[in-house]
Every structure is written in structure tokens, then in C-alpha cells.
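Asker: Next comes run-v6.csv, CSV, C-alpha atoms:
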chain,number,residue,atom,x,y,z
A,1,MET,CA,18.1,-14.1,-20.3
A,2,SER,CA,15.9,-16.4,-18.3
A,3,ALA,CA,12.2,-16.4,-18.3
A,4,PRO,CA,10.8,-12.9,-17.3
A,5,MET,CA,9.8,-12.4,-13.7
A,6,SER,CA,6.2,-13.4,-13.0
A,7,VAL,CA,3.9,-11.7,-10.6
A,8,PHE,CA,4.7,-14.4,-8.1
A,9,ASP,CA,8.4,-13.8,-8.3
A,10,ILE,CA,7.9,-10.0,-7.9
A,11,ALA,CA,5.6,-10.2,-4.9
A,12,GLY,CA,7.4,-13.1,-3.4
A,13,ARG,CA,10.8,-11.5,-3.4
A,14,ALA,CA,9.3,-8.2,-2.2
A,15,MET,CA,7.8,-10.2,0.7
A,16,SER,CA,11.3,-11.6,1.5
A,17,ALA,CA,12.7,-8.1,1.5
A,18,GLN,CA,10.0,-6.9,3.9
A,19,VAL,CA,10.8,-9.9,6.2
A,20,VAL,CA,14.4,-8.8,6.4
A,21,ARG,CA,13.2,-5.3,7.3
A,22,LEU,CA,10.9,-6.8,10.0
A,23,ASN,CA,13.9,-8.7,11.4
A,24,THR,CA,16.0,-5.5,11.6
A,25,VAL,CA,13.1,-3.8,13.4
A,26,ALA,CA,12.9,-6.7,15.8
A,27,SER,CA,16.7,-6.5,16.5
A,28,ASN,CA,16.5,-2.8,17.0
A,29,MET,CA,13.5,-3.1,19.4
A,30,ALA,CA,15.2,-5.9,21.3
A,31,ASN,CA,18.3,-3.8,21.7
A,32,ALA,CA,16.5,-0.5,22.4
A,33,GLY,CA,17.2,-0.6,26.1
A,34,THR,CA,20.8,-1.8,26.1
A,35,VAL,CA,23.5,0.2,27.7
A,36,SER,CA,27.2,0.3,26.8
A,37,GLY,CA,30.4,1.4,28.5
A,38,SER,CA,31.7,3.3,25.4
A,39,GLU,CA,30.2,5.2,22.5
A,40,ALA,CA,31.9,2.9,20.0
A,41,SER,CA,30.4,-0.3,21.4
A,42,ALA,CA,26.9,1.0,21.9
A,43,TYR,CA,24.2,-0.5,19.7
A,44,ARG,CA,23.1,1.5,16.6
A,45,ALA,CA,19.9,0.7,14.8
A,46,LEU,CA,20.2,-1.5,11.7
A,47,LYS,CA,18.5,-0.4,8.5
A,48,PRO,CA,18.1,-2.4,5.3
A,49,VAL,CA,18.9,-0.7,2.0
A,50,PHE,CA,16.3,-1.6,-0.6
A,51,THR,CA,17.3,-1.7,-4.2
A,52,GLU,CA,15.4,-2.4,-7.4
A,53,VAL,CA,16.0,-5.6,-9.3
A,54,SER,CA,14.9,-5.7,-12.9
A,55,ASP,CA,15.3,-8.0,-15.8
A,56,ALA,CA,12.9,-6.5,-18.3
A,57,PRO,CA,11.6,-2.9,-18.9
A,58,GLY,CA,8.8,-2.0,-16.5
A,59,VAL,CA,9.1,-5.2,-14.5
A,60,SER,CA,11.1,-5.2,-11.3
A,61,THR,CA,11.2,-6.4,-7.8
A,62,VAL,CA,13.1,-5.4,-4.7
A,63,LYS,CA,16.0,-6.8,-2.7
A,64,VAL,CA,17.9,-5.8,0.4
A,65,SER,CA,21.3,-5.0,-1.0
A,66,GLN,CA,22.9,-4.4,2.4
A,67,VAL,CA,22.1,-3.7,6.0
A,68,VAL,CA,23.7,-0.5,7.4
A,69,GLN,CA,23.9,1.1,10.8
A,70,SER,CA,21.6,4.1,11.2
A,71,ALA,CA,22.8,7.6,11.8
A,72,THR,CA,20.9,7.8,15.2
A,73,GLN,CA,23.7,8.3,17.7
A,74,PRO,CA,23.9,6.6,21.1
A,75,THR,CA,23.0,9.0,23.9
A,76,LYS,CA,25.5,9.7,26.7
A,77,ARG,CA,24.1,9.4,30.1
A,78,HIS,CA,25.8,10.1,33.5
A,79,ASP,CA,25.2,7.1,35.7
A,80,PRO,CA,28.2,6.3,37.9
A,81,GLU,CA,26.2,3.6,39.7
A,82,ASN,CA,26.1,1.5,36.5
A,83,PRO,CA,28.7,-1.3,36.5
A,84,LEU,CA,29.4,-0.5,32.9
A,85,ALA,CA,30.1,3.2,33.5
A,86,ASP,CA,33.5,4.5,32.3
A,87,LYS,CA,36.0,6.4,34.5
A,88,ASP,CA,33.9,9.6,34.1
A,89,GLY,CA,30.8,7.8,35.2
A,90,ASN,CA,29.1,7.8,31.8
A,91,VAL,CA,27.2,5.1,29.9
A,92,TRP,CA,25.8,5.1,26.4
A,93,ASP,CA,22.2,4.2,25.6
A,94,ALA,CA,21.6,2.3,22.3
A,95,GLY,CA,21.0,4.6,19.3
A,96,VAL,CA,17.5,3.4,18.6
A,97,ASP,CA,14.4,5.5,18.1
A,98,SER,CA,11.6,3.2,19.4
A,99,ALA,CA,8.8,5.3,18.0
A,100,ALA,CA,10.4,5.3,14.6
A,101,GLU,CA,10.9,1.6,14.8
A,102,LEU,CA,7.2,1.0,15.6
A,103,VAL,CA,6.2,3.2,12.6
A,104,ASP,CA,8.6,1.2,10.5
A,105,MET,CA,7.1,-2.1,11.7
A,106,ILE,CA,3.6,-1.0,10.8
A,107,GLU,CA,4.7,0.1,7.4
A,108,THR,CA,6.5,-3.2,6.9
A,109,GLN,CA,3.4,-5.1,7.8
A,110,ARG,CA,1.2,-3.0,5.4
A,111,GLN,CA,3.6,-3.5,2.5
A,112,TYR,CA,3.9,-7.2,3.2
A,113,GLN,CA,0.1,-7.4,3.2
A,114,ASN,CA,-0.1,-5.5,-0.1
A,115,ASN,CA,2.2,-8.1,-1.7
A,116,VAL,CA,0.2,-11.0,-0.3
A,117,GLN,CA,-2.9,-9.4,-1.8
A,118,VAL,CA,-1.1,-9.0,-5.2
A,119,MET,CA,-0.1,-12.7,-5.1
A,120,GLN,CA,-3.6,-13.8,-4.1
A,121,THR,CA,-5.2,-11.8,-7.0
A,122,ALA,CA,-2.6,-13.2,-9.5
A,123,LYS,CA,-3.2,-16.7,-8.2
A,124,GLN,CA,-7.0,-16.4,-8.6
A,125,LEU,CA,-6.7,-15.0,-12.2
A,126,THR,CA,-4.2,-17.7,-13.2
A,127,LEU,CA,-6.6,-20.4,-11.9
A,128,ASP,CA,-9.5,-18.7,-13.7
A,129,THR,CA,-7.5,-18.8,-16.9
A,130,LEU,CA,-6.6,-22.4,-16.4
A,131,ARG,CA,-10.2,-23.4,-15.8
A,132,MET,CA,-11.5,-21.5,-18.8
A,133,GLU,CA,-12.1,-24.4,-21.2
A,134,LYS,CA,-13.5,-26.8,-18.6
B,1,MET,CA,-8.6,-20.0,-39.7
B,2,SER,CA,-6.3,-17.9,-37.5
B,3,SER,CA,-6.9,-17.8,-33.8
B,4,ASP,CA,-7.5,-14.1,-34.1
B,5,ALA,CA,-10.6,-14.7,-36.2
B,6,LEU,CA,-12.0,-16.7,-33.3
B,7,PHE,CA,-10.9,-14.7,-30.3
B,8,GLY,CA,-10.6,-11.2,-31.9
B,9,ILE,CA,-8.6,-8.8,-29.9
B,10,HIS,CA,-9.3,-10.6,-26.6
B,11,GLY,CA,-6.2,-12.8,-26.8
B,12,LYS,CA,-3.9,-9.9,-27.2
B,13,ALA,CA,-5.9,-7.9,-24.6
B,14,LEU,CA,-5.5,-10.7,-22.0
B,15,GLU,CA,-1.7,-10.9,-22.6
B,16,ILE,CA,-1.4,-7.1,-22.2
B,17,ARG,CA,-3.5,-7.2,-19.0
B,18,SER,CA,-1.2,-9.9,-17.7
B,19,GLN,CA,1.9,-7.9,-18.5
B,20,ARG,CA,0.3,-4.8,-16.9
B,21,MET,CA,-0.4,-6.8,-13.8
B,22,ALA,CA,3.3,-7.6,-13.5
B,23,MET,CA,4.2,-3.9,-13.9
B,24,LEU,CA,1.7,-2.8,-11.2
B,25,ALA,CA,2.9,-5.6,-9.0
B,26,SER,CA,6.5,-4.2,-9.5
B,27,ASN,CA,5.3,-0.8,-8.4
B,28,ILE,CA,3.7,-2.2,-5.2
B,29,ALA,CA,6.8,-4.3,-4.6
B,30,ASN,CA,9.0,-1.2,-4.7
B,31,ALA,CA,6.8,1.0,-2.5
B,32,ALA,CA,9.7,1.5,-0.1
B,33,THR,CA,12.7,1.6,-2.6
B,34,PRO,CA,14.3,5.0,-2.5
B,35,GLY,CA,14.4,6.7,-5.9
B,36,PHE,CA,12.1,4.1,-7.6
B,37,LYS,CA,9.9,5.6,-10.3
B,38,ALA,CA,6.5,4.0,-10.7
B,39,ARG,CA,5.7,2.9,-14.3
B,40,ASP,CA,2.6,1.9,-16.1
B,41,VAL,CA,1.6,0.9,-19.7
B,42,ASP,CA,-1.0,2.8,-21.7
B,43,PHE,CA,-3.3,-0.1,-22.3
B,44,THR,CA,-5.2,1.4,-25.2
B,45,LYS,CA,-2.0,2.3,-27.1
B,46,ALA,CA,-0.4,-1.0,-26.4
B,47,LEU,CA,-3.5,-2.9,-27.7
B,48,ASP,CA,-3.5,-0.7,-30.8
B,49,ALA,CA,0.1,-1.5,-31.4
B,50,ALA,CA,-0.4,-5.2,-30.8
B,51,THR,CA,-3.3,-5.4,-33.2
B,52,ALA,CA,-1.8,-3.3,-35.9
B,53,ASP,CA,-1.4,-4.7,-39.4
B,54,GLN,CA,2.1,-6.2,-38.9
B,55,PRO,CA,2.1,-9.1,-36.5
B,56,ALA,CA,3.6,-7.2,-33.6
B,57,SER,CA,4.4,-9.1,-30.4
B,58,THR,CA,2.6,-7.9,-27.2
B,59,ASP,CA,6.0,-7.7,-25.5
B,60,ALA,CA,7.2,-5.0,-28.0
B,61,ALA,CA,3.8,-3.4,-27.9
B,62,VAL,CA,3.9,-3.1,-24.1
B,63,GLU,CA,7.5,-2.0,-24.1
B,64,GLY,CA,6.9,0.8,-26.6
B,65,ASN,CA,4.1,2.3,-24.4
B,66,ILE,CA,5.6,2.4,-21.0
B,67,GLY,CA,5.4,5.7,-19.2
B,68,TYR,CA,6.2,7.0,-15.8
B,69,ARG,CA,3.5,7.7,-13.2
B,70,VAL,CA,3.2,11.4,-12.3
B,71,PRO,CA,2.8,11.4,-8.5
B,72,VAL,CA,0.1,13.5,-6.9
B,73,GLU,CA,2.5,14.5,-4.2
B,74,SER,CA,6.3,13.9,-4.5
B,75,SER,CA,8.1,12.2,-1.7
B,76,LEU,CA,11.5,13.2,-0.2
B,77,ASN,CA,13.4,10.1,-1.2
B,78,GLY,CA,12.4,10.3,-4.9
B,79,ASN,CA,10.0,7.3,-4.8
B,80,THR,CA,6.9,8.0,-6.9
B,81,VAL,CA,4.9,5.0,-5.8
B,82,GLU,CA,1.6,6.0,-4.3
B,83,LEU,CA,0.0,2.9,-2.8
B,84,PRO,CA,-3.7,4.0,-3.1
B,85,VAL,CA,-3.1,4.8,-6.8
B,86,GLU,CA,-1.3,1.5,-7.5
B,87,GLN,CA,-3.8,-0.6,-5.6
B,88,THR,CA,-6.7,1.0,-7.4
B,89,GLN,CA,-5.0,0.4,-10.8
B,90,PHE,CA,-4.2,-3.1,-9.8
B,91,ALA,CA,-7.8,-3.9,-8.8
B,92,GLU,CA,-9.1,-2.3,-12.0
B,93,ASN,CA,-6.7,-4.2,-14.1
B,94,ALA,CA,-7.7,-7.5,-12.4
B,95,VAL,CA,-11.4,-6.8,-13.1
B,96,ALA,CA,-10.6,-6.0,-16.7
B,97,TYR,CA,-8.5,-9.2,-17.0
B,98,LYS,CA,-11.5,-11.2,-15.6
B,99,THR,CA,-13.8,-9.5,-18.1
B,100,THR,CA,-11.6,-10.4,-21.0
B,101,LEU,CA,-11.5,-13.9,-19.7
B,102,GLN,CA,-15.3,-13.9,-19.8
B,103,PHE,CA,-15.3,-12.8,-23.4
B,104,LEU,CA,-12.9,-15.6,-24.3
B,105,GLN,CA,-15.0,-18.1,-22.3
B,106,GLY,CA,-18.1,-17.0,-24.3
B,107,ARG,CA,-16.2,-17.7,-27.6
B,108,VAL,CA,-15.0,-21.1,-26.4
B,109,ASP,CA,-18.5,-22.0,-25.2
B,110,THR,CA,-19.9,-21.1,-28.6
B,111,VAL,CA,-17.4,-23.2,-30.4
B,112,MET,CA,-18.0,-26.1,-28.0
B,113,GLN,CA,-21.7,-25.9,-28.6
B,114,ALA,CA,-21.2,-25.9,-32.4
B,115,LEU,CA,-19.0,-29.0,-32.1
B,116,LYS,CA,-21.3,-30.9,-29.9
B,117,GLY,CA,-24.3,-30.2,-32.1
B,118,ASP,CA,-27.8,-30.4,-30.8
B,119,ASN,CA,-27.9,-31.3,-27.2
As C-alpha cells, what does this structure read like?
Answerer:
Amino acid sequence: MSAPMSVFDIAGRAMSAQVVRLNTVASNMANAGTVSGSEASAYRALKPVFTEVSDAPGVSTVKVSQVVQSATQPTKRHDPENPLADKDGNVWDAGVDSAAELVDMIETQRQYQNNVQVMQTAKQLTLDTLRMEK
Amino acid sequence: MSSDALFGIHGKALEIRSQRMAMLASNIANAATPGFKARDVDFTKALDAATADQPASTDAAVEGNIGYRVPVESSLNGNTVELPVEQTQFAENAVAYKTTLQFLQGRVDTVMQALKGDN
């Protein structure tokens, strides 16, 4: 087994995972207004799956094991004027819940911040320890 | 003279504080992981185990005293991390680490003074 994870590994890898989550939120928000000609090709929100990564008891960090499509279904809308409309005059709006994405974004930001704070504290304490016998 | 005679329990205490910091950081890192169970170490018991007669390592002392956090209110996805609790514990642990460091600093200063003699 390699050296046990330090606080820096733990917080750093958690921050990486939160960045992946922020990227999916950005993708989802960017595609929130897209329209598609069929239900199958319509955009569905992407969601990261967080899993715990541990190499010692009680010590673990987090990683994104996969990114899956959310269960939010695209909504069918009757719009015969739209050039993408199928033969029945229907289009599908992207399956993205903008409000939920915004909430997700704020949560991601907070959790990223928490990990930065953890890292800052750990850095300060490590430096204090190093400077002890000055 | 063993180092324990000079630093007392503070060396072990600092190690356990450091390990506890990693555990609390783990809890904060996994705040959004479904099914994650927050853990913590009982500091008093771990220190007792580490300073018991046999030369026990702090790793073993910490491992033997890990417990699961009981959430104030359980969440739907089974995650038991409550950020206010974890952040409070983390801050408290950081202050305690700093305090232990001050004790150690005091001992080091004393020895340095003795070595330097009268000046």
C-alpha cells in the first residue's frame, strides 16, 4: 500500500470531483433551451455519480465514477412552425430542470469552498508544525 | 531519555489530532456521496490507547476507536454527513492541534534555554 492519503489528497481530489459536477451543470444549462426533432435525440441532463475512494479505515475521498443521463424526460411540444418538427408537428425540449441545475451549482460551489477551507487550515497547521523549532 | 519524557502525551496527541483532521476532511469531501457514512475517532479513547503501557502505534489506536456519526436528521440518500457538524468539529480539532503545538513549543523552548545557558 502506498503512503496514506493526506488531507491535501482528500480535499484536492474532492475539489476535482466538484469541478466535474460544475462542468456537467454548465453543459446542462447550456443545453437547457435546445430543441430536438425526436425524443431519442433530445438532450438529457448529465449527472455525475460520486463514489467513495478509501485506502485506510476512516480516511477516504471522493471520485466521479461515471456520468449518467438524468431521468428527467424531454418534453414534447406541438410546434409545426419549427424546422425541426417531425411529421406530426412535434418537437422535444431538452430534459433539463434549470431550477434544479442552479441549486446544484450553488451546492457545488459551497462544497468546493468547504474543501478549499479544509486545505487552507491543513496548510496553516502543517506550516506551524514545521516552524515549531525555529 | 525517551522522547516521551520530554514531550509527554503531546507527541501522541498531535499525531492523533492530525489523523482526526484527515477523517473529518474525508467527511467533508464526501458531503455529496450517496450512502456515505460519516466517521469520527473518539480522541480521548484513542489517546488512552496510544499512551497505554505497551508501545501502541497511534495508527492502531485511532483505528480501534473509529465510530460512525449519528446524524441529527437522516437524509434520503443515506449520506450521514452534516456539514455544520463536520465544520464545527474540524475547526475545534484545528484549534486543539494548534494548542498541542503550543505545548510542544513550550517544551522545545525550555530545552533550548537550558542548552544555551544564561543569556
Asker: List the neighbours of Ala32 in chain B out to 10 Å using all atoms listed in the file; skip same-chain residues closer than 6 positions along the sequence, and give me the result as a ChimeraX atom specification.
Answerer: /A:14,18,49-51,62,107-108,111 /B:77,79-81
Asker: Return as JSON lines the residues of chain B lying at most 10 Å from chain A, together with the closest atom-to-atom pair for each and the distance in Å to one decimal, counting all atoms listed in the file, with rows in chain order and ascending residue number.
Answerer:
{"residue": "B:Leu14", "atom": "CA", "partner": "A:Thr129", "partner_atom": "CA", "distance": 9.8}
{"residue": "B:Ser18", "atom": "CA", "partner": "A:Val7", "partner_atom": "CA", "distance": 8.9}
{"residue": "B:Gln19", "atom": "CA", "partner": "A:Val59", "partner_atom": "CA", "distance": 8.7}
{"residue": "B:Arg20", "atom": "CA", "partner": "A:Gly58", "partner_atom": "CA", "distance": 9.0}
{"residue": "B:Met21", "atom": "CA", "partner": "A:Val7", "partner_atom": "CA", "distance": 7.3}
{"residue": "B:Ala22", "atom": "CA", "partner": "A:Val7", "partner_atom": "CA", "distance": 5.1}
{"residue": "B:Met23", "atom": "CA", "partner": "A:Val59", "partner_atom": "CA", "distance": 5.1}
{"residue": "B:Leu24", "atom": "CA", "partner": "A:Val59", "partner_atom": "CA", "distance": 8.5}
{"residue": "B:Ala25", "atom": "CA", "partner": "A:Val7", "partner_atom": "CA", "distance": 6.4}
{"residue": "B:Ser26", "atom": "CA", "partner": "A:Ser60", "partner_atom": "CA", "distance": 5.0}
{"residue": "B:Asn27", "atom": "CA", "partner": "A:Ser60", "partner_atom": "CA", "distance": 7.8}
{"residue": "B:Ile28", "atom": "CA", "partner": "A:Asn115", "partner_atom": "CA", "distance": 7.0}
{"residue": "B:Ala29", "atom": "CA", "partner": "A:Ala14", "partner_atom": "CA", "distance": 5.2}
{"residue": "B:Asn30", "atom": "CA", "partner": "A:Val62", "partner_atom": "CA", "distance": 5.9}
{"residue": "B:Ala31", "atom": "CA", "partner": "A:Gln111", "partner_atom": "CA", "distance": 7.4}
{"residue": "B:Ala32", "atom": "CA", "partner": "A:Phe50", "partner_atom": "CA", "distance": 7.3}
{"residue": "B:Thr33", "atom": "CA", "partner": "A:Phe50", "partner_atom": "CA", "distance": 5.2}
{"residue": "B:Pro34", "atom": "CA", "partner": "A:Phe50", "partner_atom": "CA", "distance": 7.2}
{"residue": "B:Gly35", "atom": "CA", "partner": "A:Thr51", "partner_atom": "CA", "distance": 9.0}
{"residue": "B:Phe36", "atom": "CA", "partner": "A:Glu52", "partner_atom": "CA", "distance": 7.3}
{"residue": "B:Lys37", "atom": "CA", "partner": "A:Gly58", "partner_atom": "CA", "distance": 9.9}
{"residue": "B:Ala38", "atom": "CA", "partner": "A:Gly58", "partner_atom": "CA", "distance": 8.7}
{"residue": "B:Arg39", "atom": "CA", "partner": "A:Gly58", "partner_atom": "CA", "distance": 6.2}
{"residue": "B:Asp40", "atom": "CA", "partner": "A:Gly58", "partner_atom": "CA", "distance": 7.3}
{"residue": "B:Val41", "atom": "CA", "partner": "A:Gly58", "partner_atom": "CA", "distance": 8.4}
{"residue": "B:Asp59", "atom": "CA", "partner": "A:Pro57", "partner_atom": "CA", "distance": 9.9}
{"residue": "B:Val62", "atom": "CA", "partner": "A:Gly58", "partner_atom": "CA", "distance": 9.1}
{"residue": "B:Glu63", "atom": "CA", "partner": "A:Pro57", "partner_atom": "CA", "distance": 6.7}
{"residue": "B:Gly64", "atom": "CA", "partner": "A:Pro57", "partner_atom": "CA", "distance": 9.8}
{"residue": "B:Ile66", "atom": "CA", "partner": "A:Gly58", "partner_atom": "CA", "distance": 7.1}
{"residue": "B:Gly67", "atom": "CA", "partner": "A:Gly58", "partner_atom": "CA", "distance": 8.8}
{"residue": "B:Tyr68", "atom": "CA", "partner": "A:Gly58", "partner_atom": "CA", "distance": 9.4}
{"residue": "B:Leu83", "atom": "CA", "partner": "A:Asn114", "partner_atom": "CA", "distance": 8.8}
{"residue": "B:Gln87", "atom": "CA", "partner": "A:Asn114", "partner_atom": "CA", "distance": 8.2}
{"residue": "B:Phe90", "atom": "CA", "partner": "A:Val118", "partner_atom": "CA", "distance": 8.1}
{"residue": "B:Ala91", "atom": "CA", "partner": "A:Thr121", "partner_atom": "CA", "distance": 8.5}
{"residue": "B:Ala94", "atom": "CA", "partner": "A:Thr121", "partner_atom": "CA", "distance": 7.3}
{"residue": "B:Val95", "atom": "CA", "partner": "A:Leu125", "partner_atom": "CA", "distance": 9.5}
{"residue": "B:Tyr97", "atom": "CA", "partner": "A:Leu125", "partner_atom": "CA", "distance": 7.7}
{"residue": "B:Lys98", "atom": "CA", "partner": "A:Leu125", "partner_atom": "CA", "distance": 7.0}
{"residue": "B:Leu101", "atom": "CA", "partner": "A:Thr129", "partner_atom": "CA", "distance": 6.9}
{"residue": "B:Gln102", "atom": "CA", "partner": "A:Met132", "partner_atom": "CA", "distance": 8.6}
{"residue": "B:Leu104", "atom": "CA", "partner": "A:Met132", "partner_atom": "CA", "distance": 8.2}
{"residue": "B:Gln105", "atom": "CA", "partner": "A:Met132", "partner_atom": "CA", "distance": 6.0}
{"residue": "B:Gly106", "atom": "CA", "partner": "A:Met132", "partner_atom": "CA", "distance": 9.7}
{"residue": "B:Val108", "atom": "CA", "partner": "A:Glu133", "partner_atom": "CA", "distance": 6.8}
{"residue": "B:Asp109", "atom": "CA", "partner": "A:Glu133", "partner_atom": "CA", "distance": 7.9}
{"residue": "B:Met112", "atom": "CA", "partner": "A:Glu133", "partner_atom": "CA", "distance": 9.2}
Asker: In file coordinates, which residues lie within 10 Å of (-8.7, -7.1, -29.4) using only C-alpha atoms, given as a count of residues only?
Answerer: 14
Asker: Which neighbours of Ser98 in chain A fall inside 12 Å, counting only C-alpha atoms, when residues of the same chain fewer than 3 positions from it are skipped, and could you give them as a list in words?
Answerer: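 Near neighbours after the sequence-gap exclusion: Val25, Ala26, Ser27, Asn28, Met29, Ala30, Asn31, Ala32, Gly33, Arg44, Ala45, Thr72, Ala94, Gly95, Glu101, Leu102, Val103, Asp104 and Met105 of chain A.
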Asker: Could you check the closest approach to Asp88 in chain A for each of A:Gly37, A:Gln120, A:Gln113, A:Val68 and tell me which residue wins, using only C-alpha atoms?
Answerer: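 The shortest atom-to-atom distance to Asp88 in chain A comes from A:Gly37.
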Asker: Work out how far CA of Asn65 in chain B is from CA of Lys45 in chain B, in Å to one decimal.
Answerer: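 CA of Asn65 in chain B lies at a distance of 6.7 Å from CA of Lys45 in chain B.
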Asker: Can you tell me how far CA of Ala40 in chain A sits from CA of Pro74 in chain A, in Å to one decimal?
Answerer: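 We find that CA of Ala40 in chain A and CA of Pro74 in chain A lie 8.9 Å from each other.
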Asker: For CA of Phe43 in chain B and CA of Ala5 in chain B, determine how far apart the two atoms are, in Å to one decimal place.
Answerer: 21.4 Å
Asker: For range 53-58 of chain A, I'd like the enclosing box, axis-aligned and padded by 6 Å on every side, reported as lines of an AutoDock Vina configuration file with centre and edge lengths in Å to one decimal.
Answerer:
center_x = 12.4
center_y = -5.0
center_z = -14.1
size_x = 19.2
size_y = 18.0
size_z = 21.6
